[in-house]
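Structure file start_22.cif with mmCIF, C-alpha atoms:
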```
data_final
loop_
_atom_site.label_atom_id
_atom_site.label_comp_id
_atom_site.auth_asym_id
_atom_site.auth_seq_id
_atom_site.Cartn_x
_atom_site.Cartn_y
_atom_site.Cartn_z
CA MET A 293 -67.75 57.33 13.54
CA ILE A 294 -69.34 54.26 11.99
CA TRP A 295 -70.60 51.39 14.13
CA GLY A 296 -71.06 47.88 12.78
CA VAL A 297 -73.70 45.81 14.59
CA LEU A 298 -73.46 42.09 13.92
CA GLN A 299 -76.58 40.15 13.09
CA PHE A 300 -76.74 36.37 13.46
CA PRO A 301 -79.71 34.12 12.84
CA GLY A 302 -81.36 34.33 16.27
CA SER A 303 -80.09 37.80 17.21
CA CYS A 304 -82.90 39.88 18.68
CA ASP A 305 -81.37 43.07 20.07
CA GLU A 306 -79.55 44.29 16.98
CA ARG A 307 -82.20 46.92 16.20
CA ASP A 308 -81.97 48.53 19.63
CA ALA A 309 -78.17 48.39 19.39
CA LEU A 310 -78.35 50.05 15.97
CA HIS A 311 -80.55 52.78 17.43
CA ALA A 312 -78.20 53.32 20.39
CA CYS A 313 -75.17 53.52 18.08
CA SER A 314 -76.96 55.96 15.78
CA LEU A 315 -77.24 58.39 18.72
CA ILE A 316 -73.45 58.60 18.80
CA GLY A 317 -72.51 58.09 15.16
CA ASP A 318 -73.62 56.27 12.05
CA ALA A 319 -74.50 52.61 12.30
CA ARG A 320 -75.16 49.67 10.00
CA LEU A 321 -75.87 45.98 10.37
CA VAL A 322 -73.21 43.37 9.49
CA TRP A 323 -74.74 40.04 8.46
CA HIS A 324 -72.98 37.04 9.99
CA GLU A 325 -71.79 35.78 6.60
CA GLU A 326 -69.89 38.99 5.84
CA SER A 327 -66.17 38.43 6.26
CA ASP A 328 -65.24 42.06 5.65
CA LEU A 329 -66.23 44.69 8.21
CA GLY A 330 -65.44 47.44 5.74
CA ASP A 331 -65.01 50.92 7.14
CA VAL A 332 -66.48 50.45 10.62
CA ASP A 333 -64.76 52.15 13.55
CA ALA A 334 -66.37 50.04 16.30
CA VAL A 335 -68.29 46.77 16.49
CA VAL A 336 -71.23 45.66 18.61
CA VAL A 337 -71.98 41.96 19.06
CA PRO A 338 -75.61 42.18 20.14
CA GLY A 339 -77.87 40.14 22.38
CA GLY A 340 -80.24 37.38 21.43
CA PHE A 341 -79.90 33.68 20.80
CA SER A 342 -77.37 33.34 17.98
CA TYR A 343 -77.82 30.07 16.10
CA GLY A 344 -80.49 29.13 18.63
CA ASP A 345 -77.85 29.03 21.41
CA TYR A 346 -77.42 25.38 20.42
CA LEU A 347 -74.65 23.47 22.21
CA ARG A 348 -73.69 26.44 24.43
CA ALA A 349 -74.65 30.09 24.18
CA GLY A 350 -72.29 31.74 21.71
CA ALA A 351 -70.41 28.55 20.82
CA ILE A 352 -71.43 28.39 17.17
CA ALA A 353 -71.51 32.13 16.47
CA ARG A 354 -67.80 32.45 17.17
CA PHE A 355 -67.05 30.45 14.02
CA SER A 356 -69.03 32.74 11.73
CA PRO A 357 -67.12 34.70 9.04
CA ALA A 358 -68.17 37.97 10.68
CA MET A 359 -66.75 36.90 14.05
CA GLU A 360 -63.46 35.91 12.47
CA ALA A 361 -63.32 39.43 11.06
CA VAL A 362 -64.17 40.82 14.51
CA ALA A 363 -61.29 38.84 16.06
CA GLU A 364 -58.88 40.44 13.56
CA PHE A 365 -60.44 43.85 14.13
CA ALA A 366 -60.01 43.45 17.92
CA ALA A 367 -56.41 42.25 17.53
CA ALA A 368 -55.70 45.43 15.57
CA GLY A 369 -57.01 47.53 18.48
CA GLY A 370 -60.56 48.17 17.24
CA PRO A 371 -63.23 48.76 19.90
CA VAL A 372 -65.66 45.86 20.35
CA LEU A 373 -68.71 45.74 22.64
CA GLY A 374 -70.43 42.42 23.39
CA ILE A 375 -73.83 42.61 25.04
CA CYS A 376 -75.45 39.57 26.72
CA ASN A 377 -75.31 36.89 24.01
CA GLY A 378 -72.56 39.00 22.44
CA PHE A 379 -70.62 38.78 25.73
CA GLN A 380 -71.06 35.00 25.61
CA VAL A 381 -69.79 34.95 22.01
CA LEU A 382 -66.68 37.02 22.93
CA CYS A 383 -65.89 34.67 25.83
CA GLU A 384 -66.36 31.60 23.63
CA ALA A 385 -64.09 33.20 21.04
CA GLY A 386 -61.39 33.70 23.66
CA LEU A 387 -61.46 37.48 23.20
CA LEU A 388 -62.51 37.88 26.84
CA PRO A 389 -61.63 35.75 29.89
CA GLY A 390 -64.15 33.49 31.62
CA ALA A 391 -67.49 31.96 30.71
CA LEU A 392 -71.20 32.58 31.28
CA LEU A 393 -73.12 29.74 32.93
CA LEU A 394 -76.77 29.06 33.71
CA ASN A 395 -78.17 31.43 36.33
CA GLU A 396 -77.68 30.02 39.80
CA ASP A 397 -81.43 29.78 40.41
CA LEU A 398 -82.18 28.47 36.87
CA ARG A 399 -84.57 31.37 36.28
CA PHE A 400 -84.62 33.89 33.48
CA HIS A 401 -84.28 37.34 35.03
CA CYS A 402 -85.59 40.48 33.41
CA ARG A 403 -85.22 43.59 35.54
CA GLN A 404 -83.43 46.88 36.03
CA VAL A 405 -80.12 46.61 37.95
CA GLU A 406 -77.64 49.13 39.30
CA LEU A 407 -74.11 48.74 37.95
CA ILE A 408 -70.94 50.07 39.49
CA PRO A 409 -68.41 51.06 36.82
CA GLU A 410 -64.85 50.25 37.83
CA SER A 411 -61.50 51.77 37.10
CA GLY A 412 -62.28 53.92 34.16
CA ALA A 413 -65.08 51.87 32.61
CA ASP A 414 -67.13 55.00 32.75
CA GLY A 415 -64.83 56.89 30.42
CA HIS A 416 -62.09 55.80 28.11
CA PHE A 417 -61.65 52.42 29.62
CA ALA A 418 -58.45 51.66 27.74
CA THR A 419 -56.65 54.21 29.90
CA ALA A 420 -58.20 53.02 33.14
CA ASN A 421 -56.77 54.05 36.46
CA VAL A 422 -56.74 50.74 38.25
CA GLY A 423 -58.32 50.91 41.67
CA GLN A 424 -60.33 54.07 41.09
CA THR A 425 -64.06 53.71 40.98
CA THR A 426 -66.59 56.30 40.02
CA THR A 427 -69.35 56.91 42.49
CA ARG A 428 -72.31 57.16 40.14
CA THR A 429 -73.97 53.86 39.33
CA LEU A 430 -75.64 53.01 36.04
CA SER A 431 -79.25 51.87 35.87
CA ILE A 432 -79.48 49.31 33.07
CA PRO A 433 -81.74 46.27 32.53
CA VAL A 434 -80.67 42.63 32.49
CA LYS A 435 -82.63 39.88 30.72
CA HIS A 436 -80.97 36.50 30.55
CA GLY A 437 -81.02 32.92 31.72
CA GLU A 438 -77.31 32.23 31.28
CA GLY A 439 -75.43 35.13 32.76
CA ARG A 440 -73.50 33.73 35.70
CA TYR A 441 -69.97 34.97 35.11
CA TRP A 442 -67.42 32.36 36.07
CA ALA A 443 -63.66 31.95 35.84
CA PRO A 444 -61.17 30.06 38.00
CA ASP A 445 -60.12 31.98 41.15
CA GLU A 446 -56.64 32.64 39.81
CA VAL A 447 -58.10 34.19 36.66
CA LEU A 448 -60.49 36.32 38.74
CA ASP A 449 -57.55 37.52 40.86
CA GLU A 450 -55.62 38.34 37.72
CA ILE A 451 -58.36 40.29 35.96
CA GLU A 452 -59.08 42.23 39.15
CA ALA A 453 -55.40 43.07 39.55
CA LYS A 454 -55.17 44.23 35.94
CA GLY A 455 -58.30 46.35 36.16
CA GLN A 456 -60.21 44.21 33.68
CA VAL A 457 -63.42 44.13 35.70
CA ALA A 458 -65.49 46.82 33.99
CA TYR A 459 -68.82 46.63 35.85
CA ARG A 460 -70.10 44.96 38.99
CA TYR A 461 -73.67 44.54 40.15
CA ALA A 462 -74.35 46.84 43.09
CA PRO A 463 -74.49 45.04 46.46
CA GLY A 464 -77.55 42.80 46.67
CA GLN A 465 -78.37 43.13 42.95
CA ASN A 466 -76.42 40.22 41.47
CA PRO A 467 -79.22 38.50 39.52
CA ASN A 468 -77.44 35.29 38.54
CA GLY A 469 -74.76 34.27 41.02
CA SER A 470 -71.88 35.79 39.06
CA ALA A 471 -68.49 35.40 40.69
CA ARG A 472 -67.53 38.50 42.70
CA ASP A 473 -70.63 40.31 41.40
CA ILE A 474 -68.96 40.76 38.00
CA ALA A 475 -71.36 42.05 35.33
CA GLY A 476 -68.83 43.00 32.65
CA VAL A 477 -65.16 42.53 31.80
CA ARG A 478 -62.72 43.88 29.26
CA ASN A 479 -59.63 42.41 27.66
CA GLU A 480 -56.16 43.27 28.85
CA ALA A 481 -55.57 45.83 26.08
CA GLY A 482 -58.84 47.52 27.00
CA ASN A 483 -60.51 47.67 23.58
CA VAL A 484 -62.89 44.72 24.00
CA LEU A 485 -65.74 44.97 26.53
CA GLY A 486 -68.45 42.44 27.33
CA LEU A 487 -71.33 42.76 29.76
CA MET A 488 -74.56 40.92 30.51
CA PRO A 489 -76.81 43.96 31.12
CA HIS A 490 -78.27 45.72 28.07
CA PRO A 491 -77.08 49.33 27.65
CA GLU A 492 -78.89 49.52 24.29
CA HIS A 493 -82.22 49.27 26.16
CA ALA A 494 -81.34 52.28 28.31
CA VAL A 495 -80.74 55.13 25.88
CA ASP A 496 -84.10 56.90 25.92
CA PRO A 497 -85.86 58.65 28.84
CA LEU A 498 -89.00 56.81 27.78
CA ALA A 499 -87.32 53.56 28.87
CA GLY A 500 -86.57 54.97 32.31
CA SER A 501 -82.82 55.50 31.96
CA THR A 502 -80.28 56.84 29.50
CA ASP A 503 -77.28 55.45 31.38
CA GLY A 504 -76.65 52.92 28.62
CA LEU A 505 -75.29 55.70 26.43
CA ARG A 506 -72.32 56.01 28.76
CA VAL A 507 -71.33 52.43 27.93
CA PHE A 508 -71.45 53.17 24.19
CA GLU A 509 -69.50 56.39 24.73
CA ALA A 510 -66.83 54.50 26.66
CA VAL A 511 -66.52 51.96 23.85
CA ALA A 512 -66.38 54.72 21.22
CA GLY A 513 -63.19 55.99 22.84
CA ALA A 514 -61.60 52.60 23.39
CA ARG A 515 -59.44 52.19 20.30
CA VAL A 516 -55.92 51.16 21.34
CA MET B 231 -66.83 6.24 9.09
CA ALA B 232 -66.00 5.84 12.76
CA LYS B 233 -68.80 6.13 15.25
CA ALA B 234 -68.11 7.90 18.50
CA ARG B 235 -69.91 9.16 21.54
CA VAL B 236 -68.74 12.25 23.38
CA LEU B 237 -69.68 12.82 27.01
CA ILE B 238 -69.44 16.40 28.23
CA ARG B 239 -69.84 17.28 31.89
CA PRO B 240 -69.40 20.35 34.07
CA LYS B 241 -65.97 20.46 35.68
CA GLU B 242 -65.65 19.48 39.32
CA GLY B 243 -66.13 22.45 41.61
CA ILE B 244 -68.36 24.40 39.25
CA LEU B 245 -71.87 24.82 40.58
CA ASP B 246 -74.26 22.81 38.42
CA PRO B 247 -77.72 24.23 39.15
CA GLN B 248 -79.41 21.71 36.84
CA GLY B 249 -77.92 18.84 38.85
CA LYS B 250 -78.98 20.54 42.08
CA ALA B 251 -82.54 21.01 40.83
CA VAL B 252 -82.80 17.34 39.84
CA GLU B 253 -81.34 16.30 43.17
CA ARG B 254 -83.84 18.40 45.09
CA ALA B 255 -86.76 17.04 43.08
CA LEU B 256 -85.99 13.37 43.70
CA PRO B 257 -87.11 13.06 47.36
CA ALA B 258 -90.52 14.49 46.45
CA LEU B 259 -90.91 11.56 44.05
CA GLY B 260 -89.90 9.05 46.69
CA PHE B 261 -86.28 8.62 45.58
CA GLU B 262 -84.34 9.16 48.79
CA GLY B 263 -80.59 8.93 49.18
CA VAL B 264 -79.48 10.29 45.81
CA GLU B 265 -76.74 12.88 45.83
CA HIS B 266 -74.00 14.53 43.73
CA VAL B 267 -76.24 14.71 40.66
CA ARG B 268 -74.45 16.35 37.73
CA VAL B 269 -76.14 17.08 34.41
CA GLY B 270 -74.03 17.05 31.25
CA ARG B 271 -74.47 16.46 27.54
CA MET B 272 -73.93 13.57 25.18
CA VAL B 273 -73.12 13.93 21.49
CA GLU B 274 -73.13 11.01 19.06
CA LEU B 275 -71.37 11.42 15.74
CA GLU B 276 -69.73 9.68 12.82
CA ALA B 277 -66.38 10.98 11.63
CA ASP B 278 -64.10 10.27 8.67
CA ASP B 279 -61.06 11.06 10.75
CA PRO B 280 -61.38 9.96 14.39
CA GLU B 281 -57.89 11.35 15.02
CA ARG B 282 -59.34 14.85 14.95
CA LEU B 283 -62.14 14.22 17.45
CA SER B 284 -60.20 15.53 20.40
CA GLU B 285 -59.43 18.82 18.63
CA LEU B 286 -63.06 19.09 17.57
CA CYS B 287 -64.20 18.63 21.16
CA GLU B 288 -61.81 21.24 22.51
CA LYS B 289 -62.81 23.78 19.88
CA LEU B 290 -66.54 23.33 19.72
CA LEU B 291 -68.32 20.50 21.53
CA ALA B 292 -66.92 21.40 24.94
CA ASN B 293 -65.62 24.59 26.51
CA PRO B 294 -62.48 23.31 28.26
CA LEU B 295 -62.62 26.17 30.77
CA ILE B 296 -65.84 24.88 32.29
CA GLU B 297 -66.35 21.36 30.95
CA ASP B 298 -64.54 18.02 30.79
CA PHE B 299 -65.14 15.65 27.91
CA GLU B 300 -64.59 11.98 27.19
CA ILE B 301 -64.55 10.41 23.75
CA GLU B 302 -65.81 6.86 23.45
CA GLN B 303 -65.14 5.12 20.12
CA LEU B 304 -68.03 2.83 19.22
#
```
Rewrite the structure from the file as structure tokens, please.
Amino acid sequence: MIWGVLQFPGSCDERDALHACSLIGDARLVWHEESDLGDVDAVVVPGGFSYGDYLRAGAIARFSPAMEAVAEFAAAGGPVLGICNGFQVLCEAGLLPGALLLNEDLRFHCRQVELIPESGADGHFATANVGQTTTRTLSIPVKHGEGRYWAPDEVLDEIEAKGQVAYRYAPGQNPNGSARDIAGVRNEAGNVLGLMPHPEHAVDPLAGSTDGLRVFEAVAGARV
Amino acid sequence: MAKARVLIRPKEGILDPQGKAVERALPALGFEGVEHVRVGRMVELEADDPERLSELCEKLLANPLIEDFEIEQL
């Protein structure tokens, strides 16, 4: 399969994402001005500070030609993974519910966290069995200052009921004050996933964990 | 060109840690009795078509899920 990794001015994790994708398939960068994704089978919107994070994180990136192409790609059932700033972009674009706000304690946090995959996030998350959780947690780093997941209570109830919560921080590990310990969510169809932790930084034993690969593998099988 | 000022603030009920941090810092500087501090953003602009300002705010300047905005024509 071929992965397309978006690159905005201000992206900084696209190289690690490219490396992670290349462990599963072929991968190439997609510059933000490209309006045609070509033959890619899955898209990664990587971390960083797209367009300087001016106004709000992700607010300007969503209007880029590449993101408009990603919105069409997602609507057609293509798998899309947003990591950190990419998660913020997908929320701003309305492809995922909710928003990411400043960390509760106003500090930038950079550390390894344990994630609990929910209802099929650990496999083909489009065909999730709502209510079933896998027991093995994922060890993946976070590094962000604006990662507090927030949505109105009724939206949180709805996404929980529909099995759209993909990952939660393990008890006591929520680094940012995210509502209900939510670290990642997917869309209703199941082909778009966003999370604040960085699976692309956890794909090599040298980095202490290879659990991030499981996130990429889940996305690879998420076409609907 | 019409001049306008847009005020954007966090919605009621959403924790505003910037406001809290400012509020906590004030007593140390001798400013007692200040509460409910909320930190928002202000954007000044000039527009050919002021009729479209509201749409522009909803789409870009504010995120209506988490922020309220007010447009003030100058």
How close does each residue of chain A get to chain B, giving the shortest atom pair and distance in Å to one decimal for every residue with an atom at most 12 Å away, counting all atoms listed in the file, sorted by chain and residue number, as a Markdown table?
```
| residue | atom | partner | partner_atom | distance |
| --- | --- | --- | --- | --- |
| A:Tyr346 | CA | B:Leu291 | CA | 10.4 |
| A:Leu347 | CA | B:Leu291 | CA | 7.0 |
| A:Arg348 | CA | B:Ala292 | CA | 8.5 |
| A:Ala349 | CA | B:Asn293 | CA | 10.8 |
| A:Gly350 | CA | B:Leu290 | CA | 10.4 |
| A:Ala351 | CA | B:Leu290 | CA | 6.6 |
| A:Ile352 | CA | B:Leu290 | CA | 7.5 |
| A:Ala353 | CA | B:Leu290 | CA | 10.6 |
| A:Arg354 | CA | B:Leu290 | CA | 9.6 |
| A:Phe355 | CA | B:Leu290 | CA | 9.1 |
| A:Gln380 | CA | B:Asn293 | CA | 11.8 |
| A:Cys383 | CA | B:Asn293 | CA | 10.1 |
| A:Glu384 | CA | B:Asn293 | CA | 7.6 |
| A:Ala385 | CA | B:Lys289 | CA | 9.6 |
| A:Gly386 | CA | B:Leu295 | CA | 10.4 |
| A:Pro389 | CA | B:Leu295 | CA | 9.7 |
| A:Gly390 | CA | B:Leu295 | CA | 7.5 |
| A:Ala391 | CA | B:Ile296 | CA | 7.4 |
| A:Leu392 | CA | B:Ile296 | CA | 9.4 |
| A:Leu393 | CA | B:Ile296 | CA | 8.8 |
| A:Leu394 | CA | B:Pro247 | CA | 7.3 |
| A:Asn395 | CA | B:Pro247 | CA | 7.7 |
| A:Glu396 | CA | B:Pro247 | CA | 5.8 |
| A:Asp397 | CA | B:Pro247 | CA | 6.8 |
| A:Leu398 | CA | B:Pro247 | CA | 6.6 |
| A:Arg399 | CA | B:Pro247 | CA | 10.3 |
| A:Gly437 | CA | B:Pro247 | CA | 11.9 |
| A:Glu438 | CA | B:Pro247 | CA | 11.2 |
| A:Arg440 | CA | B:Leu245 | CA | 10.3 |
| A:Tyr441 | CA | B:Ile296 | CA | 11.3 |
| A:Trp442 | CA | B:Ile296 | CA | 8.5 |
| A:Ala443 | CA | B:Leu295 | CA | 7.8 |
| A:Pro444 | CA | B:Leu295 | CA | 8.3 |
| A:Asp445 | CA | B:Gly243 | CA | 11.3 |
| A:Val447 | CA | B:Leu295 | CA | 10.9 |
| A:Asn468 | CA | B:Pro247 | CA | 11.1 |
| A:Gly469 | CA | B:Leu245 | CA | 9.9 |
| A:Ser470 | CA | B:Leu245 | CA | 11.1 |
| A:Ala471 | CA | B:Ile244 | CA | 11.1 |
```
Just-selected residues, C-alpha atoms written as an mmCIF file, keeping the file's coordinate frame:
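And here is the file that came out, out.cif:
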```cif
data_model
loop_
_atom_site.group_PDB
_atom_site.id
_atom_site.type_symbol
_atom_site.label_atom_id
_atom_site.label_comp_id
_atom_site.auth_asym_id
_atom_site.auth_seq_id
_atom_site.Cartn_x
_atom_site.Cartn_y
_atom_site.Cartn_z
ATOM 1 C CA TYR A 346 -77.420 25.380 20.420
ATOM 2 C CA LEU A 347 -74.650 23.470 22.210
ATOM 3 C CA ARG A 348 -73.690 26.440 24.430
ATOM 4 C CA ALA A 349 -74.650 30.090 24.180
ATOM 5 C CA GLY A 350 -72.290 31.740 21.710
ATOM 6 C CA ALA A 351 -70.410 28.550 20.820
ATOM 7 C CA ILE A 352 -71.430 28.390 17.170
ATOM 8 C CA ALA A 353 -71.510 32.130 16.470
ATOM 9 C CA ARG A 354 -67.800 32.450 17.170
ATOM 10 C CA PHE A 355 -67.050 30.450 14.020
ATOM 11 C CA GLN A 380 -71.060 35.000 25.610
ATOM 12 C CA CYS A 383 -65.890 34.670 25.830
ATOM 13 C CA GLU A 384 -66.360 31.600 23.630
ATOM 14 C CA ALA A 385 -64.090 33.200 21.040
ATOM 15 C CA GLY A 386 -61.390 33.700 23.660
ATOM 16 C CA PRO A 389 -61.630 35.750 29.890
ATOM 17 C CA GLY A 390 -64.150 33.490 31.620
ATOM 18 C CA ALA A 391 -67.490 31.960 30.710
ATOM 19 C CA LEU A 392 -71.200 32.580 31.280
ATOM 20 C CA LEU A 393 -73.120 29.740 32.930
ATOM 21 C CA LEU A 394 -76.770 29.060 33.710
ATOM 22 C CA ASN A 395 -78.170 31.430 36.330
ATOM 23 C CA GLU A 396 -77.680 30.020 39.800
ATOM 24 C CA ASP A 397 -81.430 29.780 40.410
ATOM 25 C CA LEU A 398 -82.180 28.470 36.870
ATOM 26 C CA ARG A 399 -84.570 31.370 36.280
ATOM 27 C CA GLY A 437 -81.020 32.920 31.720
ATOM 28 C CA GLU A 438 -77.310 32.230 31.280
ATOM 29 C CA ARG A 440 -73.500 33.730 35.700
ATOM 30 C CA TYR A 441 -69.970 34.970 35.110
ATOM 31 C CA TRP A 442 -67.420 32.360 36.070
ATOM 32 C CA ALA A 443 -63.660 31.950 35.840
ATOM 33 C CA PRO A 444 -61.170 30.060 38.000
ATOM 34 C CA ASP A 445 -60.120 31.980 41.150
ATOM 35 C CA VAL A 447 -58.100 34.190 36.660
ATOM 36 C CA ASN A 468 -77.440 35.290 38.540
ATOM 37 C CA GLY A 469 -74.760 34.270 41.020
ATOM 38 C CA SER A 470 -71.880 35.790 39.060
ATOM 39 C CA ALA A 471 -68.490 35.400 40.690
#
```
Counting all atoms listed in the file, the residue of A:Ala494, A:Leu448, A:Val335, A:Ala309 that sits nearest Arg472 of chain A: A:Leu448
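Taking atom CA of Met231 of chain B as the reference point, atom CA of Leu275 of chain B is found at 9.6 Å.
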Proximity to Phe365 of chain A - best of A:Arg460, A:Arg515, A:Lys454, A:Arg403, only C-alpha atoms: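 The closest residue to Phe365 of chain A is A:Arg515.
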Straight-line distance linking atom CA of Glu325 of chain A with atom CA of Gly340 of chain A, stated in Å to one decimal: 17.1 Å
Distance of atom CA of His436 of chain A from atom CA of Ser327 of chain A, expressed in Å to one decimal place: 28.5 Å
Taking 5 positions as the minimum chain separation for residues in the same chain, which residues sit within 12 Å of Thr502 of chain A when counting only C-alpha atoms? Answer as a PDB file with C-alpha atoms, keeping the file's coordinate frame.
```pdb
ATOM      1  CA  ALA A 312     -78.200  53.320  20.390  1.00  0.00           C
ATOM      2  CA  LEU A 315     -77.240  58.390  18.720  1.00  0.00           C
ATOM      3  CA  LEU A 430     -75.640  53.010  36.040  1.00  0.00           C
ATOM      4  CA  SER A 431     -79.250  51.870  35.870  1.00  0.00           C
ATOM      5  CA  ILE A 432     -79.480  49.310  33.070  1.00  0.00           C
ATOM      6  CA  PRO A 433     -81.740  46.270  32.530  1.00  0.00           C
ATOM      7  CA  HIS A 490     -78.270  45.720  28.070  1.00  0.00           C
ATOM      8  CA  PRO A 491     -77.080  49.330  27.650  1.00  0.00           C
ATOM      9  CA  GLU A 492     -78.890  49.520  24.290  1.00  0.00           C
ATOM     10  CA  HIS A 493     -82.220  49.270  26.160  1.00  0.00           C
ATOM     11  CA  ALA A 494     -81.340  52.280  28.310  1.00  0.00           C
ATOM     12  CA  VAL A 495     -80.740  55.130  25.880  1.00  0.00           C
ATOM     13  CA  ASP A 496     -84.100  56.900  25.920  1.00  0.00           C
ATOM     14  CA  PRO A 497     -85.860  58.650  28.840  1.00  0.00           C
ATOM     15  CA  VAL A 507     -71.330  52.430  27.930  1.00  0.00           C
ATOM     16  CA  PHE A 508     -71.450  53.170  24.190  1.00  0.00           C
ATOM     17  CA  GLU A 509     -69.500  56.390  24.730  1.00  0.00           C
TER      18      GLU A 509
END
```
Residues matched by the PyMOL selection byres ((chain B and resi 268) around 8), written as a VMD selection string: chain B and resid 239 to 240 246 248 to 250 266 to 267 269 to 270
For Ala234 of chain B, the nearest of the candidates B:Glu302, B:Glu281, B:Glu288, B:Glu262, counting all atoms listed in the file: B:Glu302
Surrounding residues of Glu276 of chain B excluding itself and chain neighbours under 4 positions, 12 Å, all atoms listed in the file, as a list in words: Met231, Ala232, Lys233, Ala234, Arg235, Val236, Pro280, Arg282, Leu283, Glu302, Gln303 and Leu304 of chain B
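Close contacts of Gly263 of chain B, defined as residues with an atom at most 10 Å away when counting only C-alpha atoms, with chain neighbours fewer than 6 positions off set aside, comprise B:Glu253, B:Leu256, B:Pro257.
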Surrounding residues of Val322 of chain A excluding itself and chain neighbours under 6 positions, 12 Å, all atoms listed in the file, as a VMD selection string: chain A and resid 294 to 301 303 306 to 307 310 328 to 332 334 to 338 356 to 359 361 to 362
